[in-house]
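Source file: coords37.cif; contents: mmCIF, C-alpha atoms.
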data_query
loop_
_atom_site.label_atom_id
_atom_site.label_comp_id
_atom_site.auth_asym_id
_atom_site.auth_seq_id
_atom_site.Cartn_x
_atom_site.Cartn_y
_atom_site.Cartn_z
CA MET A 1 26.23 17.65 -13.73
CA ASN A 2 24.43 16.33 -10.72
CA CYS A 3 24.90 19.60 -8.89
CA PHE A 4 23.52 21.41 -11.90
CA SER A 5 20.36 19.30 -12.12
CA ASN A 6 19.98 19.58 -8.37
CA PHE A 7 20.18 23.35 -8.70
CA ILE A 8 17.60 23.40 -11.51
CA TYR A 9 15.29 21.20 -9.48
CA ARG A 10 15.55 23.35 -6.40
CA ALA A 11 15.19 26.56 -8.37
CA SER A 12 11.96 25.32 -9.92
CA SER A 13 10.61 24.18 -6.58
CA PRO A 14 8.19 26.56 -4.87
CA MET A 15 9.64 25.73 -1.42
CA ILE A 16 13.15 26.90 -2.17
CA MET A 17 13.75 27.93 1.44
CA ALA A 18 12.41 24.65 2.80
CA ASP A 19 15.67 23.62 4.45
CA PHE A 20 15.86 26.80 6.48
CA ILE A 21 12.41 26.71 8.05
CA PRO A 22 12.83 25.53 11.66
CA VAL A 23 10.65 22.70 12.96
CA PRO A 24 7.75 24.28 14.87
CA GLU A 25 7.65 23.97 18.64
CA GLU A 26 5.44 21.35 20.28
CA THR A 27 2.16 23.22 20.15
CA SER A 28 0.20 20.36 18.63
CA SER A 29 -3.54 20.06 19.03
CA PHE A 30 -5.33 17.06 20.49
CA ILE A 31 -6.24 15.70 17.05
CA ASP A 32 -2.66 16.05 15.86
CA THR A 33 -1.33 14.20 18.92
CA ILE A 34 -3.67 11.31 18.17
CA ALA A 35 -2.88 11.34 14.45
CA ARG A 36 0.82 11.07 15.19
CA ASN A 37 0.27 7.68 16.81
CA PRO A 38 0.59 4.78 14.34
CA LEU A 39 -1.63 2.68 16.62
CA PHE A 40 -4.52 5.06 15.99
CA ALA A 41 -3.72 5.34 12.27
CA GLY A 42 -3.74 1.54 11.92
CA LEU A 43 -7.06 1.14 13.74
CA VAL A 44 -8.68 3.89 11.66
CA ILE A 45 -7.38 2.47 8.36
CA GLY A 46 -8.70 -0.99 9.28
CA ILE A 47 -12.16 0.24 10.25
CA LEU A 48 -12.36 2.60 7.24
CA ALA A 49 -11.54 -0.32 4.94
CA ALA A 50 -14.46 -2.23 6.42
CA ILE A 51 -16.76 0.79 5.92
CA VAL A 52 -15.62 1.08 2.29
CA GLN A 53 -16.54 -2.56 1.73
CA LEU A 54 -19.90 -1.98 3.42
CA LEU A 55 -20.64 0.91 1.07
CA LEU A 56 -19.15 -0.23 -2.22
CA ILE A 57 -19.29 -4.02 -2.42
CA SER A 58 -22.41 -3.87 -4.66
CA ALA A 59 -20.21 -2.43 -7.41
CA GLY A 60 -18.42 -5.80 -7.49
CA GLY A 61 -14.86 -6.70 -6.81
CA PRO A 62 -12.98 -8.79 -4.31
CA GLU A 63 -13.69 -8.75 -0.60
CA ALA A 64 -11.29 -7.14 1.89
CA TYR A 65 -10.35 -4.66 -0.86
CA GLY A 66 -11.01 -1.44 1.03
CA PHE A 67 -7.42 -0.23 1.02
CA CYS A 68 -4.47 -1.54 -0.98
CA VAL A 69 -1.69 0.56 -2.44
CA ALA A 70 -0.52 -2.01 -4.99
CA CYS A 71 -3.95 -3.16 -6.23
CA HIS A 72 -5.50 0.31 -6.34
CA THR A 73 -2.48 1.63 -8.29
CA ARG A 74 -2.86 -1.31 -10.67
CA ASP A 75 -6.56 -0.55 -11.18
CA LEU A 76 -5.95 3.16 -11.76
CA VAL A 77 -3.04 2.69 -14.19
CA ASN A 78 -4.52 -0.23 -16.12
CA ILE A 79 -7.96 1.32 -16.56
CA GLY A 80 -6.38 4.63 -17.54
CA ILE A 81 -4.34 2.84 -20.22
CA ASN A 82 -7.39 0.85 -21.33
CA ASP A 83 -9.38 4.05 -21.80
CA LEU A 84 -6.57 5.76 -23.69
CA THR A 85 -5.43 2.94 -25.96
CA GLY A 86 -8.37 0.51 -26.08
CA MET A 87 -6.30 -2.33 -24.58
CA LYS A 88 -7.87 -4.84 -22.23
CA LEU A 89 -5.55 -4.89 -19.21
CA ALA A 90 -6.96 -6.68 -16.18
CA ALA A 91 -8.30 -4.80 -13.16
CA ALA A 92 -10.50 -5.67 -10.19
CA PRO A 93 -14.24 -5.89 -11.04
CA ILE A 94 -15.04 -2.99 -8.69
CA SER A 95 -12.91 -0.66 -10.80
CA GLN A 96 -14.10 -2.11 -14.12
CA ASN A 97 -17.77 -1.61 -13.23
CA ALA A 98 -17.42 1.86 -11.72
CA ILE A 99 -17.48 5.11 -13.71
CA LEU A 100 -13.92 5.79 -12.57
CA PRO A 101 -11.44 3.35 -10.98
CA THR A 102 -10.40 3.54 -7.31
CA LEU A 103 -8.72 6.91 -6.71
CA THR A 104 -7.18 6.03 -3.32
CA ILE A 105 -3.63 6.65 -4.51
CA ILE A 106 -4.41 10.16 -5.74
CA GLY A 107 -6.17 10.82 -2.44
CA VAL A 108 -3.15 9.65 -0.44
CA LEU A 109 -0.79 11.84 -2.46
CA ILE A 110 -3.00 14.94 -2.09
CA GLY A 111 -3.74 14.29 1.59
CA ALA A 112 -0.11 13.74 2.51
CA PHE A 113 1.01 16.75 0.45
CA VAL A 114 -1.52 19.09 2.07
CA SER A 115 -0.61 17.74 5.50
CA ALA A 116 3.13 18.09 4.86
CA ARG A 117 2.64 21.67 3.68
CA TYR A 118 0.34 22.55 6.57
CA TYR A 119 2.77 21.26 9.20
CA GLU A 120 5.78 22.64 7.27
CA GLU A 121 7.38 19.26 6.81
CA PHE A 122 7.69 19.51 3.03
CA ARG A 123 11.34 19.15 1.95
CA THR A 124 12.54 18.43 -1.56
CA LYS A 125 15.12 15.66 -1.25
CA ALA A 126 17.04 14.88 -4.42
CA GLY A 127 19.22 11.81 -4.93
CA THR A 128 21.76 10.67 -7.48
CA THR A 129 20.78 9.48 -10.96
CA VAL A 130 21.90 5.95 -10.04
CA SER A 131 19.61 5.93 -7.01
CA TYR A 132 16.70 7.06 -9.20
CA ILE A 133 17.27 4.07 -11.51
CA TRP A 134 17.43 1.70 -8.52
CA TYR A 135 14.19 3.09 -7.11
CA LEU A 136 12.50 2.84 -10.52
CA LEU A 137 13.57 -0.82 -10.92
CA GLY A 138 12.64 -1.45 -7.30
CA GLY A 139 9.16 -0.09 -7.93
CA ILE A 140 8.65 -2.33 -10.97
CA LEU A 141 9.84 -5.45 -9.09
CA PHE A 142 7.94 -4.52 -5.93
CA MET A 143 4.69 -4.16 -7.86
CA SER A 144 5.11 -7.51 -9.64
CA PHE A 145 5.85 -9.44 -6.46
CA ALA A 146 3.17 -7.63 -4.44
CA LEU A 147 0.57 -8.61 -7.05
CA PHE A 148 1.85 -12.23 -6.83
CA MET A 149 0.57 -12.21 -3.26
CA GLY A 150 -2.61 -10.42 -4.31
CA GLY A 151 -1.85 -7.14 -2.63
CA CYS A 152 0.54 -4.95 -0.70
CA PRO A 153 1.19 -5.51 3.04
CA TYR A 154 -1.92 -3.46 3.89
CA ARG A 155 -4.32 -5.66 1.96
CA MET A 156 -2.54 -8.64 3.55
CA GLY A 157 -3.45 -7.11 6.91
CA LEU A 158 -7.07 -6.63 5.85
CA ARG A 159 -7.20 -10.21 4.53
CA ILE A 160 -5.83 -11.58 7.81
CA GLY A 161 -8.58 -9.64 9.58
CA TYR A 162 -11.02 -11.23 7.12
CA GLY A 163 -9.75 -14.70 8.04
CA ASP A 164 -7.48 -15.57 5.10
CA VAL A 165 -4.70 -18.05 5.98
CA VAL A 166 -2.74 -17.49 2.74
CA ALA A 167 -2.42 -13.80 3.66
CA LEU A 168 -0.96 -14.83 7.03
CA ILE A 169 1.62 -16.92 5.15
CA GLY A 170 2.28 -13.86 2.96
CA VAL A 171 3.00 -11.66 5.99
CA ILE A 172 5.29 -14.32 7.49
CA ALA A 173 7.12 -14.36 4.14
CA ILE A 174 7.41 -10.56 4.27
CA ILE A 175 9.04 -10.86 7.72
CA ILE A 176 11.50 -13.43 6.32
CA GLY A 177 12.24 -11.03 3.46
CA VAL A 178 12.80 -8.19 5.94
CA VAL A 179 15.30 -10.33 7.89
CA ILE A 180 17.20 -11.15 4.66
CA GLY A 181 17.10 -7.49 3.64
CA ILE A 182 18.54 -6.36 6.99
CA LYS A 183 21.36 -8.95 6.61
CA ILE A 184 22.16 -7.67 3.10
CA ALA A 185 22.02 -4.01 4.17
CA THR A 186 24.29 -4.66 7.16
CA ALA A 187 26.79 -6.55 5.00
CA LEU A 188 26.83 -3.72 2.44
CA ALA A 189 27.34 -1.11 5.17
CA GLU A 190 30.22 -3.11 6.70
CA ARG A 191 31.92 -3.48 3.31
CA GLU A 192 31.74 0.26 2.73
CA ALA A 193 33.02 1.10 6.19
CA MET B 1 -22.28 -15.21 -4.86
CA ALA B 2 -24.16 -11.94 -4.87
CA LEU B 3 -22.59 -9.54 -2.43
CA ALA B 4 -24.68 -6.47 -1.70
CA GLY B 5 -23.60 -3.33 0.15
CA ILE B 6 -25.70 -0.58 1.69
CA LEU B 7 -25.69 1.36 -1.59
CA SER B 8 -27.50 -0.13 -4.59
CA LYS B 9 -25.37 -1.16 -7.55
CA GLU B 10 -26.31 1.95 -9.57
CA THR B 11 -25.27 4.29 -6.72
CA ALA B 12 -22.16 2.33 -5.76
CA VAL B 13 -20.82 2.49 -9.33
CA ILE B 14 -20.86 6.29 -9.11
CA ALA B 15 -19.69 6.39 -5.48
CA VAL B 16 -16.51 4.32 -6.01
CA PRO B 17 -14.20 7.18 -7.08
CA ILE B 18 -15.67 9.61 -4.51
CA VAL B 19 -15.47 7.28 -1.53
CA THR B 20 -11.98 6.00 -2.39
CA LEU B 21 -10.71 9.55 -2.94
CA LEU B 22 -11.99 10.63 0.50
CA LEU B 23 -10.50 7.47 2.04
CA GLY B 24 -7.18 8.28 0.38
CA LEU B 25 -7.19 11.87 1.67
CA LEU B 26 -7.74 10.65 5.25
CA ILE B 27 -5.12 7.92 5.00
CA GLY B 28 -2.66 10.35 3.39
CA TRP B 29 -3.07 12.74 6.33
CA LEU B 30 -2.75 9.94 8.91
CA GLY B 31 0.21 8.42 7.09
CA GLN B 32 2.00 11.76 6.92
CA ARG B 33 1.45 12.55 10.59
CA SER B 34 2.29 9.12 12.01
CA GLY B 35 4.93 7.80 9.60
CA PHE B 36 2.85 4.64 9.35
CA CYS B 37 4.74 1.84 7.61
CA SER B 38 4.26 -1.93 7.76
CA ILE B 39 7.66 -3.08 6.51
CA GLY B 40 9.30 -0.32 8.55
CA GLY B 41 7.48 -1.74 11.59
CA PHE B 42 8.99 -5.20 11.09
CA ARG B 43 12.42 -3.67 10.39
CA ASP B 44 12.40 -1.47 13.51
CA PHE B 45 11.27 -4.35 15.69
CA ILE B 46 13.90 -6.79 14.38
CA MET B 47 16.76 -4.27 14.45
CA PHE B 48 16.02 -2.09 17.50
CA ARG B 49 13.03 -3.76 19.27
CA HIS B 50 11.05 -0.58 18.58
CA THR B 51 7.36 -1.46 18.69
CA ARG B 52 5.80 1.88 17.66
CA LEU B 53 5.27 1.14 13.95
CA LEU B 54 4.78 -2.61 14.48
CA TYR B 55 1.82 -1.91 16.78
CA GLY B 56 0.44 0.28 14.01
CA PHE B 57 0.34 -2.65 11.60
CA LEU B 58 -1.09 -5.00 14.25
CA ALA B 59 -3.72 -2.34 14.99
CA LEU B 60 -4.62 -2.35 11.29
CA ILE B 61 -5.31 -6.09 11.42
CA LEU B 62 -7.28 -5.68 14.65
CA GLY B 63 -9.20 -2.66 13.35
CA ALA B 64 -10.09 -4.52 10.15
CA PHE B 65 -11.25 -7.54 12.16
CA ILE B 66 -13.37 -5.42 14.52
CA GLY B 67 -14.80 -3.45 11.59
CA PHE B 68 -15.67 -6.56 9.59
CA LEU B 69 -17.17 -8.19 12.69
CA ILE B 70 -19.35 -5.24 13.69
CA PHE B 71 -20.59 -4.53 10.17
CA LYS B 72 -21.14 -8.25 9.53
CA ILE B 73 -23.56 -8.19 12.49
CA VAL B 74 -25.18 -4.92 11.36
CA PHE B 75 -25.41 -5.69 7.64
CA PRO B 76 -24.57 -9.33 6.78
CA PRO B 77 -24.97 -9.33 2.94
CA ALA B 78 -21.89 -7.13 2.44
CA PHE B 79 -19.62 -9.55 4.31
CA GLU B 80 -20.73 -13.00 3.17
CA GLY B 81 -17.19 -14.40 3.19
CA PHE B 82 -16.40 -13.33 6.76
CA PHE B 83 -14.89 -15.28 8.60
CA TRP B 84 -13.12 -16.66 5.52
CA LEU B 85 -11.38 -19.65 7.15
CA ILE B 86 -14.73 -20.94 8.41
CA SER B 87 -16.84 -20.18 5.34
CA LYS B 88 -14.35 -20.89 2.52
CA GLY B 89 -11.46 -22.82 4.08
CA LEU B 90 -7.85 -22.31 3.05
CA ALA B 91 -8.44 -20.84 -0.45
CA PRO B 92 -7.33 -17.19 -0.58
CA VAL B 93 -9.63 -14.18 -1.01
CA SER B 94 -9.65 -13.44 -4.75
CA GLY B 95 -7.14 -10.90 -6.01
CA ALA B 96 -4.02 -12.93 -6.85
CA PRO B 97 -3.76 -14.50 -10.36
CA ALA B 98 -6.68 -16.91 -10.76
CA GLY B 99 -6.85 -20.62 -11.53
CA LEU B 100 -4.36 -22.24 -9.14
CA THR B 101 -4.53 -24.79 -6.36
CA ILE B 102 -4.02 -23.76 -2.73
CA THR B 103 -0.39 -24.98 -2.89
CA GLY B 104 0.13 -22.69 -5.88
CA TYR B 105 -1.24 -19.70 -3.99
CA ILE B 106 0.94 -20.48 -0.97
CA ILE B 107 4.03 -20.61 -3.23
CA LEU B 108 3.02 -17.28 -4.81
CA ALA B 109 2.52 -15.75 -1.35
CA LEU B 110 5.91 -17.03 -0.14
CA VAL B 111 7.86 -15.87 -3.22
CA GLY B 112 6.00 -12.56 -3.42
CA GLY B 113 6.20 -11.90 0.30
CA ILE B 114 9.95 -12.55 0.61
CA ALA B 115 10.67 -10.31 -2.39
CA VAL B 116 8.36 -7.57 -1.10
CA GLY B 117 10.02 -7.60 2.33
CA LEU B 118 13.50 -7.58 0.79
CA ILE B 119 12.85 -4.71 -1.65
CA GLY B 120 10.90 -2.77 0.99
CA VAL B 121 13.77 -2.88 3.49
CA LEU B 122 16.47 -2.03 0.94
CA LEU B 123 14.53 0.95 -0.47
CA GLY B 124 13.37 2.22 2.90
CA GLY B 125 9.65 1.64 3.06
CA CYS B 126 6.46 -0.04 2.06
CA PRO B 127 4.33 1.46 -0.76
CA LEU B 128 2.24 3.71 1.51
CA ARG B 129 5.39 5.21 3.04
CA GLN B 130 6.81 5.74 -0.46
CA LEU B 131 3.63 7.59 -1.50
CA VAL B 132 3.77 9.77 1.61
CA MET B 133 7.48 10.49 1.10
CA THR B 134 6.72 11.44 -2.52
CA ALA B 135 4.15 13.93 -1.25
CA GLU B 136 6.76 15.22 1.22
CA GLY B 137 9.08 16.00 -1.68
CA ASN B 138 11.38 12.94 -1.93
CA VAL B 139 12.41 12.49 -5.56
CA LYS B 140 13.67 8.92 -5.03
CA SER B 141 10.26 7.86 -3.75
CA PHE B 142 8.69 9.58 -6.74
CA CYS B 143 10.81 7.31 -8.97
CA PHE B 144 9.57 4.34 -6.93
CA VAL B 145 5.94 5.37 -7.52
CA ILE B 146 6.57 5.75 -11.27
CA GLY B 147 8.19 2.30 -11.15
CA MET B 148 5.06 0.92 -9.48
CA CYS B 149 2.91 2.34 -12.28
CA ILE B 150 5.17 0.77 -14.94
CA GLY B 151 5.28 -2.44 -12.89
CA SER B 152 1.51 -2.81 -12.89
CA VAL B 153 1.47 -2.85 -16.71
CA VAL B 154 4.51 -5.15 -16.88
CA PHE B 155 2.86 -7.52 -14.40
CA THR B 156 -0.48 -7.61 -16.20
CA LEU B 157 1.02 -8.08 -19.65
CA TRP B 158 3.82 -10.58 -18.97
CA VAL B 159 4.67 -11.58 -15.41
CA SER B 160 1.22 -12.76 -14.32
CA GLY B 161 0.74 -15.12 -17.28
CA LEU B 162 4.31 -16.40 -16.99
CA ALA B 163 4.00 -17.21 -13.27
CA VAL B 164 0.64 -18.93 -13.74
CA SER B 165 1.89 -21.05 -16.66
CA ILE B 166 5.03 -22.09 -14.71
CA LEU B 167 2.93 -23.12 -11.70
CA LYS B 168 0.44 -24.93 -13.94
CA SER B 169 3.24 -26.85 -15.67
CA LEU B 170 4.29 -27.98 -12.16
CA GLY B 171 0.81 -29.43 -11.69
CA MET B 172 -0.70 -26.68 -9.56
CA GLY B 173 -3.48 -25.60 -11.93
CA ALA B 174 -6.97 -25.84 -10.50
#

Spell out the structure here as structure tokens.
Amino acid sequence: MNCFSNFIYRASSPMIMADFIPVPEETSSFIDTIARNPLFAGLVIGILAAIVQLLLISAGGPEAYGFCVACHTRDLVNIGINDLTGMKLAAAPISQNAILPTLTIIGVLIGAFVSARYYEEFRTKAGTTVSYIWYLLGGILFMSFALFMGGCPYRMGLRIGYGDVVALIGVIAIIIGVVIGIKIATALAEREA
Amino acid sequence: MALAGILSKETAVIAVPIVTLLLGLLIGWLGQRSGFCSIGGFRDFIMFRHTRLLYGFLALILGAFIGFLIFKIVFPPAFEGFFWLISKGLAPVSGAPAGLTITGYIILALVGGIAVGLIGVLLGGCPLRQLVMTAEGNVKSFCFVIGMCIGSVVFTLWVSGLAVSILKSLGMGA
């Protein structure tokens, strides 16, 4: 059954030959070499978030809110549902006041997709049905706990830059969680081996 | 507290979707090229002492600090709260569920942070990495993103109120 759905999925995918395209040789441009460095990406994201606040803070909304995957997804989904059903789900003031909520998530998806296609790194990777359910549940839990903190790790980073001590505690807690997660993953791997 | 950016309120209200969409496009490109991931950075450093991704996250904090500092000097009204610890003390920047004491926010940050780190490591990435992997064609990450969308509704409708009422019953309401 799984093989069948896998086959259907691949057959409907436009990049059916994706697995057979070889990785291109190292002929990368200067810009691409820089963009491949996470150090540069981090600096740019941080400064861009400050520019976004400089431009948009008049529309309302919390400070240090330039970039956040969890919060911006929450704004987009909740305001979309509010518009469709007339409910009153909470969102950040910046998204409530604006004509459309923050579209960062859609931008990230389009940008990464175009980039992956351009550099021929697009590969459809299917998993098992059980793994899909785990990822779905993981997403629901992740979102809830991220919004407990008031944002995903990226907004925590922005808030630390803004001088927020609670965000620093949040990042320390994330590191503790990572250590526990590594312990669990190692134990699971040893039990399977 | 009236924060004012460079754009007037009428312009900013229209500019929000445009600016954030452009920001997202740029970050999507950078994220796809560099494999940028915060939780992955902590994981790689703890497991293998690889510093590549960890420096990325530290650079984000540094870049945000430099950006806030420069633009605070250039245009102060947009960054009234900066530097938060000096101007507002220990209370967090708004965004988490409202109406708690500082102890309550610290408990929320600890519980939320540990769970976020745990889930992130077990499922192989922080939310930005999951978005980028979705765009690269990973169906599991796509399920994660759908889960995040469901989770935002679940959180707003039930979890947020539940957590706040539990913390308030423990005497942490402001």

- Item | Contact residues around B:Cys126 with all atoms listed in the file at 9 Å, ignoring same-chain residues under 2 positions, as a PyMOL selection string | (chain A and resi 152-153) or (chain B and resi 37-40+116-117+119-121+123-124+128-131)

Assuming the chain letters and numbering stay as they are in my file, what does the PyMOL selection byres ((chain A and resi 30-38) around 12) actually select? List them as a PDB file with C-alpha atoms, in the frame of the given file.
ATOM      1  CA  GLU A  26       5.440  21.350  20.280  1.00  0.00           C
ATOM      2  CA  THR A  27       2.160  23.220  20.150  1.00  0.00           C
ATOM      3  CA  SER A  28       0.200  20.360  18.630  1.00  0.00           C
ATOM      4  CA  SER A  29      -3.540  20.060  19.030  1.00  0.00           C
ATOM      5  CA  LEU A  39      -1.630   2.680  16.620  1.00  0.00           C
ATOM      6  CA  PHE A  40      -4.520   5.060  15.990  1.00  0.00           C
ATOM      7  CA  ALA A  41      -3.720   5.340  12.270  1.00  0.00           C
ATOM      8  CA  GLY A  42      -3.740   1.540  11.920  1.00  0.00           C
ATOM      9  CA  LEU A  43      -7.060   1.140  13.740  1.00  0.00           C
ATOM     10  CA  VAL A  44      -8.680   3.890  11.660  1.00  0.00           C
ATOM     11  CA  ILE A  45      -7.380   2.470   8.360  1.00  0.00           C
ATOM     12  CA  SER A 115      -0.610  17.740   5.500  1.00  0.00           C
ATOM     13  CA  TYR A 118       0.340  22.550   6.570  1.00  0.00           C
ATOM     14  CA  TYR A 119       2.770  21.260   9.200  1.00  0.00           C
TER      15      TYR A 119
ATOM     16  CA  LEU B  26      -7.740  10.650   5.250  1.00  0.00           C
ATOM     17  CA  ILE B  27      -5.120   7.920   5.000  1.00  0.00           C
ATOM     18  CA  GLY B  28      -2.660  10.350   3.390  1.00  0.00           C
ATOM     19  CA  TRP B  29      -3.070  12.740   6.330  1.00  0.00           C
ATOM     20  CA  LEU B  30      -2.750   9.940   8.910  1.00  0.00           C
ATOM     21  CA  GLY B  31       0.210   8.420   7.090  1.00  0.00           C
ATOM     22  CA  GLN B  32       2.000  11.760   6.920  1.00  0.00           C
ATOM     23  CA  ARG B  33       1.450  12.550  10.590  1.00  0.00           C
ATOM     24  CA  SER B  34       2.290   9.120  12.010  1.00  0.00           C
ATOM     25  CA  GLY B  35       4.930   7.800   9.600  1.00  0.00           C
ATOM     26  CA  PHE B  36       2.850   4.640   9.350  1.00  0.00           C
ATOM     27  CA  CYS B  37       4.740   1.840   7.610  1.00  0.00           C
ATOM     28  CA  SER B  38       4.260  -1.930   7.760  1.00  0.00           C
ATOM     29  CA  GLY B  40       9.300  -0.320   8.550  1.00  0.00           C
ATOM     30  CA  GLY B  41       7.480  -1.740  11.590  1.00  0.00           C
ATOM     31  CA  THR B  51       7.360  -1.460  18.690  1.00  0.00           C
ATOM     32  CA  ARG B  52       5.800   1.880  17.660  1.00  0.00           C
ATOM     33  CA  LEU B  53       5.270   1.140  13.950  1.00  0.00           C
ATOM     34  CA  LEU B  54       4.780  -2.610  14.480  1.00  0.00           C
ATOM     35  CA  TYR B  55       1.820  -1.910  16.780  1.00  0.00           C
ATOM     36  CA  GLY B  56       0.440   0.280  14.010  1.00  0.00           C
ATOM     37  CA  PHE B  57       0.340  -2.650  11.600  1.00  0.00           C
ATOM     38  CA  LEU B  58      -1.090  -5.000  14.250  1.00  0.00           C
ATOM     39  CA  ALA B  59      -3.720  -2.340  14.990  1.00  0.00           C
ATOM     40  CA  LEU B  60      -4.620  -2.350  11.290  1.00  0.00           C
TER      41      LEU B  60
END

- Take the PyMOL selection byres ((chain B and resi 62-73) around 12), apply it to the structure above, and return the hits as a ChimeraX atom specification. /A:39-55,63-67,154-164 /B:4-6,55-61,74-84

- Task: Check what the PyMOL selection byres ((chain B and resi 21) around 8) selects in the file above and give those residues as a list of chain:residue names.
- Result: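 Given this file, the PyMOL selection byres ((chain B and resi 21) around 8) evaluates to A:Thr102, A:Leu103, A:Thr104, A:Ile105, A:Ile106, A:Gly107, A:Val108, B:Pro17, B:Ile18, B:Val19, B:Thr20, B:Leu22, B:Leu23, B:Gly24, B:Leu25.
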
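Excluding A:Pro101 and any residue on its chain fewer than 3 positions from it, the residues at most 7 Å away by only C-alpha atoms are A:Asp75, A:Leu76, A:Ile79, A:Ser95, A:Gln96, A:Ala98, B:Pro17.
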
- Task: Calculate how many Å separate atom CA of A:Ile174 from atom CA of A:Phe145, rounding to one decimal.
- Result: 10.9 Å

Residues of stretch 81-134 of chain A within 9 Å of stretch 148-157 of chain B: nearest atom pair and distance (Å, one decimal) for each, counting only C-alpha atoms, sorted by chain and number, as a Markdown table?
| residue | atom | partner | partner_atom | distance |
| --- | --- | --- | --- | --- |
| A:Ile81 | CA | B:Val153 | CA | 8.9 |
| A:Leu89 | CA | B:Thr156 | CA | 6.5 |
| A:Ala90 | CA | B:Thr156 | CA | 6.5 |
| A:Ala91 | CA | B:Thr156 | CA | 8.8 |

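If you count all atoms listed in the file and ignore residues fewer than 4 places along the chain from B:Cys143, what sits within 7 Å of it is Tyr132, Tyr135 and Leu136 of chain A; Val139 and Gly147 of chain B.
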